[in-house]
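Trainee: Dropping the structure in here first, questions after.
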Amino acid sequence: MTDSKYFTTTKKGEIFELKAELNSDKKEKKKEAVKKVIASMTVGKDVSALFPDVVNCMQTDNLELKKLVYLYLMNYAKSQPDMAIMAVNTFVKDCEDPNPLIRALAVRTMGCIRVDKITEYLCEPLRKCLKDEDPYVRKTAAVCVAKLHDINAQLVEDQGFLDTLKDLISDSNPMVVANAVAALSEIAESHPNSNLLDLNPQTINKLLTALNECTEWGQIFILDCLANYTPRDDRESQSICERVTPRLSHANSAVVLSAVKVLMKFMEMLPKDLDYYGTLLKKLAPPLVTLLSAEPELQYVALRNINLIVQKRPEILKHEMKVFFVKYNDPIYVKLEKLDIMIRLASQANIAQVLAELKEYATEVDVDFVRKAVRAIGRCAIKVEQSAERCVSTLLDLIQTKVNYVVQEAIVVIKDIFRKYPNKYESVIATLCENLDSLDEPEARAAMIWIVGEYAERIDNADELLESFLEGFHDESTQVQLQLLTAIVKLFLKKPTETQELVQQVLSLATQDSDNPDLRDRGYIYWRLLSTDPVAAKEVVLAEKPLISEETDLIEPTLLEELICHIGTLASVYHKPPSAFVEGSRGVQHRRIPPRAGSVESAESPDVGQSGSSEAPPAVIPSQGDLLGDLLNLDLAPPTSTVPSVQPSMQMGAMDLLGGGLDSLLGGDIGGSPSMGAGLGAAPTVMPAALGGAPAVGGGLGDLFDLGGGVGMPTGFYVVPKTMWLPAMKAKGLEISGTFARRGGIIQMDMSLTNKAMSVMTDFAIQFNRNSFGMAPAGPLQVLTPLSPNQTIDVSLPLSTNGPVMKMEPLNNLQVAVKNNIDVFYFSCQFPLSLLFVEDGKMERQVFLATWKDIPNDNEAQFQIKDVHLNSDAASNKLQGSNIFTIAKRTVEGQDMLYQSIKLTNSIWVLAEMRVQTGNPNYTLSIKCRAPEVCQFVYQCYEMVLKN
Amino acid sequence: MIHSLFLINNGGDLFLEKHWKSVISRSVCDYFFEAREKAVEPDNVPPVIRTPHHYLINIYREKIFFVSVIQTEVPPLFVIEFLHRIAETFQDYFGECSETIIKDNVVIVYELLEEMLDNGFPLATESNILKELIRPPTILRSMVNTITGSSNVGETLPTGQLSTIPWRRAGVKYTNNEAYFDVVEEIDAILDKSGTTVFAEIQGVIDACVKMSGMPDLTLSFMNPRLLDDVSFHPCVRYKRWESERVISFIPPDGNFQLMSYHISAQNLVAIPVYVKQNISFFETGSSGRLDITVGPKQTMGKTVECLVVTVHMPKVVLSANLNATQGTYNYDPVTKILLWDIGKLNPQKLPNLKGSLSLQSGAPKPEENPSLNIDLKIQQLAISGLKVNRLDMYGEKYKPFKGVKYVTKAGKFQVRT
């Protein structure tokens, strides 16, 4: 006789039948009927129509029947609030029952009825239950506060339940303590800034006592709560660690992991030379290993956390490599995680074992896993230099299998190996080329093309190979197209004689037939580079590349630190800060590992001061995806710096791109006589068009160099507020805003540098591209202190105007490169022309007259300056402040005519006539200059000066 | 905390739902079904699935997916452990944990779930407390219930829920007081082609069945406790005494429970009881292959290896196997591609051998992957690590219990690569 009979009553009139049974006089029949109702409810049928009938069964001495009715009530009270009120009296009565089980059940059920009207009645019984003599009732009531808070937070606060709950942390019964902590933690999640769990040494002591005696689940709550505490000193930290350590031997893996979290966090505070520190480290390994023998789902969560722990403290598990070996019947999600950790633990000592394993995995069935295994071999080669040779030969073996996806993955990683160990393994290129045809994935194709381009001089038929790719150019993904473009340009620079046709073909494909702006821009750049200065092109395109970093996929140290504080949580599974994704935790505070004790006065304070991140691996390492992107885009934007020694050359390459390349191509623009490069005499028609139509190119370049800066509009002494020149997201965390000023004849560039990255920035330097007025830094960028995260520093950079000159578009555009220890960043900004108005710009009247006549009328430009409420004298004074000098004034028929002169730093004279009519707020400005292109900018200066 | 639970069978039918807070529409399971679809094999469904508003944490046990829904930051291990606990409770109550049995006992299941969590917080998860609250069904009781109208819900407050030893109820009485311990060790190992051990470790557990009156306080000691450096204990074990004296001191729960589990990873301590000589090869042409497997004893400590089973996961293209076994029976399932050779007892004088040919799908290329062998075996009266119980002492009660210890070694994930 089973309950399955409850599922069979699906015929018509079922509700009607049940109704009759519920109202039966026979107790037994009633109970059966309620059971049927519950059964229907559990499978999702709507039995809400029976509400009054079921509630009628509530007044009973039969505990089971009571419980069943309670179950029903919890489910349907929401939809029948008025009816639910009928149940209130019974609840209130049950809360007074002599049997604590009934009292607890009543208060528990009431809390689950999410109806406002009922919650009002709940308060009094709840208050009593929180102070009940029976701990079972108290612990149930503690949870009930959390429930009530979920329904009506205000009510809970008004009624003072939170304080009562806090008192329960000191309860004599450990289960009550555990439940109070659990309830408070849940409530605290929706009140991020409340001090609900304001822990002090006394409460900590209470919690630690309760920890030993409460249930496994209670232990999890208490441990998680402990993890939020920051001990006052290393002694307290050690004593907490000592009392938490036994939890590592608990059978419940969640308890173990929560204990690991507390220990990982608090051991940060312990002095490293302490014996206990070493003991603790040793104690952490076995429980972590044990987690891996649990069910696969537990293993998965454990592995995600171990991944964090291994990054933070590799020493804990460095001898446990073998437990991460993959078994063929592990679920795929476990396999992939294990593989990841194997790579992290790989070292010279165990690399032979690891490689043998990886080779084994590469012949498994699961495609995803095999791919990752192949990739892992490459990562080993990059990580452990001694093993590189063996890794490469393993990869070659795998390529011989001709299994399509294995070959593709192998090629992708071999490309990285070439980058890491230049001029060492290029002998394998021939083997790679054999597999050209089988590559059908963009990443592999792009990698192969990169290899062909990079080593074009060693591959006899490089041109044929690349040409074969060119046929389907438009069907390729962007990644491949960009790579192909670069590779062919490289090839051309290496073997210019045979490949002219090829390079023209790819340039026209990229610039004319493509609507992808990245591709077009890159195409134009190459084109111009090649056409104006092939030598520079060679320097840019074939520049020496920086080495790639040793280990990829490492989590950024500050994030890692935060995640360590969140071991065992969802955040640790996703490797994202909790603020990034958990909906329930509105505004979680960022948790930090407390700094090590005594670090302030210790000798090594500078690095431990950064919350122990000192021992973390080098900062800013691109994740795998980024790395690849960087690799492919290398010739345009150098990736994050890795080895300091390569910085100069890298920066050179970058500056060349700005200096050499752009100079000549924009120089050509001005000169109007593009000098064609070696084999490009017969360039297609679009070339001159693009050259003539400067905006097109300018636009393209703008994109490239992030021409974001707004137009500055200051006057002489009026300095515009700083505008954003370089947003942090474009510069790996460096944010620059700035403005220009002329103070006492000296031009200054005022900048605010803000570090929005996680790591310290140092080694700042600045450089300008050639510009229309030869502006150049008159001294080095004075950023003396390293810029720590979230710090802003204001610098004033004096500028001179005797730098190299090149006309810019627009004229007042300034392209700037800022370097720091991370990378070189480019931005452009525009300065107000008044910056260049010199103090001795007052012309002799005679000279003025002669010059005015001398300048052809074609060069005269007229502007309207509207809404100026100044009389002519005031205006004249104001303008003089900005070195616009009034030489003469004439009044004709109520109209003031001001004659003014301006001299620019490059000795260009600008003459102006300003007509001011009394009572008319609109001025008329006529500007005459031998270089008419400045007129517009002079006018802008007038406008600004007069209006501010 | 845990918001809701959905039970879903292998065919994708959602057959039970339970909400501990407000009701969450079952449509949230669509995200699960999506992941299920993607994973192909049910074992490969990722345990944590993110949806726009919830997180689904699931386990797969006995062909049932236990899918829980959480909305706030909750430790996933906590949820997974709890789901396993639910599955174990069903197992404990109904003898098995299957869709049929859950449907047959749906009211008890619902009552159990209600008692196990309150508002998503674990409430009563200890088997003995639950059994006091809700009596497990027995044929006799359901008959009695039907006749007398009494229920299977306990009328009294379970005492254990309040005491500091929640795992034991008060007033336990037996006429025969007995305590039995099973030391069960499983060898997890990977052997490579040549028979070298790539990796080996022992997962051990000590299962106990203690039926003793009153509040017995037991102490279990070992001959060689130094073997155990990585242990997990039942909450009843006093950790301090283990730390200081290396003895296991505890007041036992009533009935069956797992006293401790341990893990021995030091490779030199893990003896490998059998060796396998194997040769599985496929020919470039002719769509066929050859198989030859011999199993022999290696380090058996003088005991007999029993229940020896060899399982081979063949590549997809293997259609059938024509083999000859010198001992035991073999069976090749062309659907699951599993070759199962049930050998039985290993006779060291006459080594079992399985030999013959495999036929492949015609025209298919030679399989790339190497099939792996899985070994199953059992050795009675032996803990392969050498662990030995020294004695069991009882304090606190006056009677003299029967005591017994059994040892058994099994193969866990024991894998031979080819």
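Residue numbering restarts at 1 in every chain; chains get A, B, ... in the order shown in the structure tokens, and ligands count up from 1 in that same order.
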Can you write out as JSON lines which residues of chain B fall within 7 Å of chain A, alongside each residue's closest atom pair and its distance in Å to one decimal, counting only C-alpha atoms and ordering rows by chain and ascending residue number?

Mentor:
```
{"residue": "B:Phe15", "atom": "CA", "partner": "A:Val43", "partner_atom": "CA", "distance": 6.3}
{"residue": "B:Leu16", "atom": "CA", "partner": "A:Val43", "partner_atom": "CA", "distance": 5.4}
{"residue": "B:Glu17", "atom": "CA", "partner": "A:Thr42", "partner_atom": "CA", "distance": 5.9}
{"residue": "B:Lys18", "atom": "CA", "partner": "A:Thr42", "partner_atom": "CA", "distance": 6.8}
{"residue": "B:Lys21", "atom": "CA", "partner": "A:Cys112", "partner_atom": "CA", "distance": 6.8}
{"residue": "B:Asp43", "atom": "CA", "partner": "A:Pro331", "partner_atom": "CA", "distance": 5.9}
{"residue": "B:Asn44", "atom": "CA", "partner": "A:Pro331", "partner_atom": "CA", "distance": 5.1}
{"residue": "B:Pro46", "atom": "CA", "partner": "A:Tyr333", "partner_atom": "CA", "distance": 6.3}
{"residue": "B:Pro47", "atom": "CA", "partner": "A:Glu297", "partner_atom": "CA", "distance": 5.6}
{"residue": "B:His53", "atom": "CA", "partner": "A:Glu583", "partner_atom": "CA", "distance": 6.8}
{"residue": "B:Ile59", "atom": "CA", "partner": "A:Glu297", "partner_atom": "CA", "distance": 6.4}
{"residue": "B:Gln71", "atom": "CA", "partner": "A:Gly584", "partner_atom": "CA", "distance": 6.2}
{"residue": "B:Thr72", "atom": "CA", "partner": "A:Gly584", "partner_atom": "CA", "distance": 4.5}
{"residue": "B:Glu73", "atom": "CA", "partner": "A:Leu570", "partner_atom": "CA", "distance": 6.3}
{"residue": "B:Val74", "atom": "CA", "partner": "A:Thr569", "partner_atom": "CA", "distance": 6.2}
{"residue": "B:Pro75", "atom": "CA", "partner": "A:Thr569", "partner_atom": "CA", "distance": 4.3}
{"residue": "B:Pro76", "atom": "CA", "partner": "A:Thr569", "partner_atom": "CA", "distance": 6.1}
{"residue": "B:Leu77", "atom": "CA", "partner": "A:Ala254", "partner_atom": "CA", "distance": 4.9}
{"residue": "B:Phe78", "atom": "CA", "partner": "A:Ala254", "partner_atom": "CA", "distance": 5.0}
{"residue": "B:Ile80", "atom": "CA", "partner": "A:Leu298", "partner_atom": "CA", "distance": 6.6}
{"residue": "B:Glu81", "atom": "CA", "partner": "A:Ala254", "partner_atom": "CA", "distance": 7.0}
{"residue": "B:Lys103", "atom": "CA", "partner": "A:Ser4", "partner_atom": "CA", "distance": 5.7}
{"residue": "B:Asp104", "atom": "CA", "partner": "A:Ser4", "partner_atom": "CA", "distance": 4.3}
{"residue": "B:Asn105", "atom": "CA", "partner": "A:Asp3", "partner_atom": "CA", "distance": 5.0}
{"residue": "B:Val106", "atom": "CA", "partner": "A:Asp3", "partner_atom": "CA", "distance": 6.0}
{"residue": "B:Val107", "atom": "CA", "partner": "A:Ala39", "partner_atom": "CA", "distance": 6.3}
{"residue": "B:Asn119", "atom": "CA", "partner": "A:Lys147", "partner_atom": "CA", "distance": 6.8}
{"residue": "B:Pro122", "atom": "CA", "partner": "A:Trp217", "partner_atom": "CA", "distance": 6.6}
{"residue": "B:Gly149", "atom": "CA", "partner": "A:Glu28", "partner_atom": "CA", "distance": 5.8}
{"residue": "B:Ser151", "atom": "CA", "partner": "A:Glu64", "partner_atom": "CA", "distance": 6.5}
{"residue": "B:Val153", "atom": "CA", "partner": "A:Glu64", "partner_atom": "CA", "distance": 5.3}
{"residue": "B:Glu155", "atom": "CA", "partner": "A:Leu63", "partner_atom": "CA", "distance": 6.3}
{"residue": "B:Leu157", "atom": "CA", "partner": "A:Leu101", "partner_atom": "CA", "distance": 5.4}
{"residue": "B:Leu162", "atom": "CA", "partner": "A:Tyr136", "partner_atom": "CA", "distance": 6.2}
{"residue": "B:Thr164", "atom": "CA", "partner": "A:Glu213", "partner_atom": "CA", "distance": 6.2}
{"residue": "B:Phe199", "atom": "CA", "partner": "A:Lys322", "partner_atom": "CA", "distance": 6.1}
{"residue": "B:Asp230", "atom": "CA", "partner": "A:Pro286", "partner_atom": "CA", "distance": 5.3}
{"residue": "B:Val231", "atom": "CA", "partner": "A:Ser249", "partner_atom": "CA", "distance": 5.7}
{"residue": "B:Ser232", "atom": "CA", "partner": "A:Ser249", "partner_atom": "CA", "distance": 4.2}
{"residue": "B:Phe233", "atom": "CA", "partner": "A:Ala251", "partner_atom": "CA", "distance": 5.3}
{"residue": "B:His234", "atom": "CA", "partner": "A:Ala251", "partner_atom": "CA", "distance": 5.9}
{"residue": "B:Pro235", "atom": "CA", "partner": "A:His250", "partner_atom": "CA", "distance": 6.9}
{"residue": "B:Tyr239", "atom": "CA", "partner": "A:Pro246", "partner_atom": "CA", "distance": 6.5}
{"residue": "B:His263", "atom": "CA", "partner": "A:Thr290", "partner_atom": "CA", "distance": 6.6}
{"residue": "B:Glu368", "atom": "CA", "partner": "A:Thr363", "partner_atom": "CA", "distance": 6.7}
{"residue": "B:Glu369", "atom": "CA", "partner": "A:Thr363", "partner_atom": "CA", "distance": 5.0}
{"residue": "B:Asn370", "atom": "CA", "partner": "A:Thr363", "partner_atom": "CA", "distance": 6.8}
```

Trainee: Name the residues in contact with A:Met264 at a cut-off of 10 Å, using only C-alpha atoms, excluding same-chain residues fewer than 4 positions from it; report them as a list in words.

Mentor: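 The residues satisfying every condition are Ala227, Cys241, Ser258, Ala259, Val260, Glu268, Met269, Leu280, Leu281, Leu284, Ile309, Lys312, Arg313, Ile564, Cys565, Ile567 and Ile593 of chain A.
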
Trainee: Please return, as a PyMOL selection string, all residues of stretch 228-287 of chain A that DSSP assigns to alpha helix (DSSP H) on the basis of the backbone.

Mentor: chain A and resi 234-244+253-266+275-287

Trainee: Leaving out A:Tyr939 and any residue of its chain fewer than 6 positions from it, which residues lie within 8 Å of it when counting only C-alpha atoms, given as a list of chain:residue names?

Mentor: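 Surrounding residues, per the criterion: A:Phe863, A:Leu925, A:Ile927.
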
Trainee: Mind checking which residues fall within 7 Å of A:Leu199, counting only C-alpha atoms, ignoring those fewer than 4 positions away in the same chain, and posting them as a tab-separated table (two decimals) with all heavy atoms, in the first residue's frame?

Mentor:
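Once written, result-v5.tsv looks like this:
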```tsv
chain	number	residue	atom	x	y	z
A	203	THR	N	31.97	37.92	21.50
A	203	THR	CA	31.07	37.12	20.66
A	203	THR	C	31.85	36.05	19.92
A	203	THR	O	31.35	34.94	19.71
A	203	THR	CB	30.30	38.00	19.65
A	203	THR	OG1	31.23	38.85	19.01
A	203	THR	CG2	29.23	38.81	20.31
A	204	ILE	N	33.06	36.38	19.49
A	204	ILE	CA	33.88	35.39	18.79
A	204	ILE	C	34.09	34.18	19.68
A	204	ILE	O	33.98	33.03	19.25
A	204	ILE	CB	35.24	36.01	18.40
A	204	ILE	CG1	35.05	37.02	17.27
A	204	ILE	CG2	36.24	34.95	17.98
A	204	ILE	CD1	34.61	36.43	15.97
A	229	TYR	N	35.32	38.27	10.37
A	229	TYR	CA	35.93	38.98	11.50
A	229	TYR	C	37.38	39.33	11.18
A	229	TYR	O	38.07	38.58	10.48
A	229	TYR	CB	35.85	38.08	12.73
A	229	TYR	CG	36.49	38.66	13.98
A	229	TYR	CD1	35.98	39.79	14.59
A	229	TYR	CD2	37.60	38.04	14.54
A	229	TYR	CE1	36.56	40.30	15.73
A	229	TYR	CE2	38.19	38.54	15.68
A	229	TYR	CZ	37.67	39.68	16.28
A	229	TYR	OH	38.24	40.18	17.40
```

Trainee: Using only C-alpha atoms, can you tell me which of B:Ile338, B:Ala87, B:Ser261, B:Ile134 comes closest to B:Ile101?

Mentor: B:Ala87
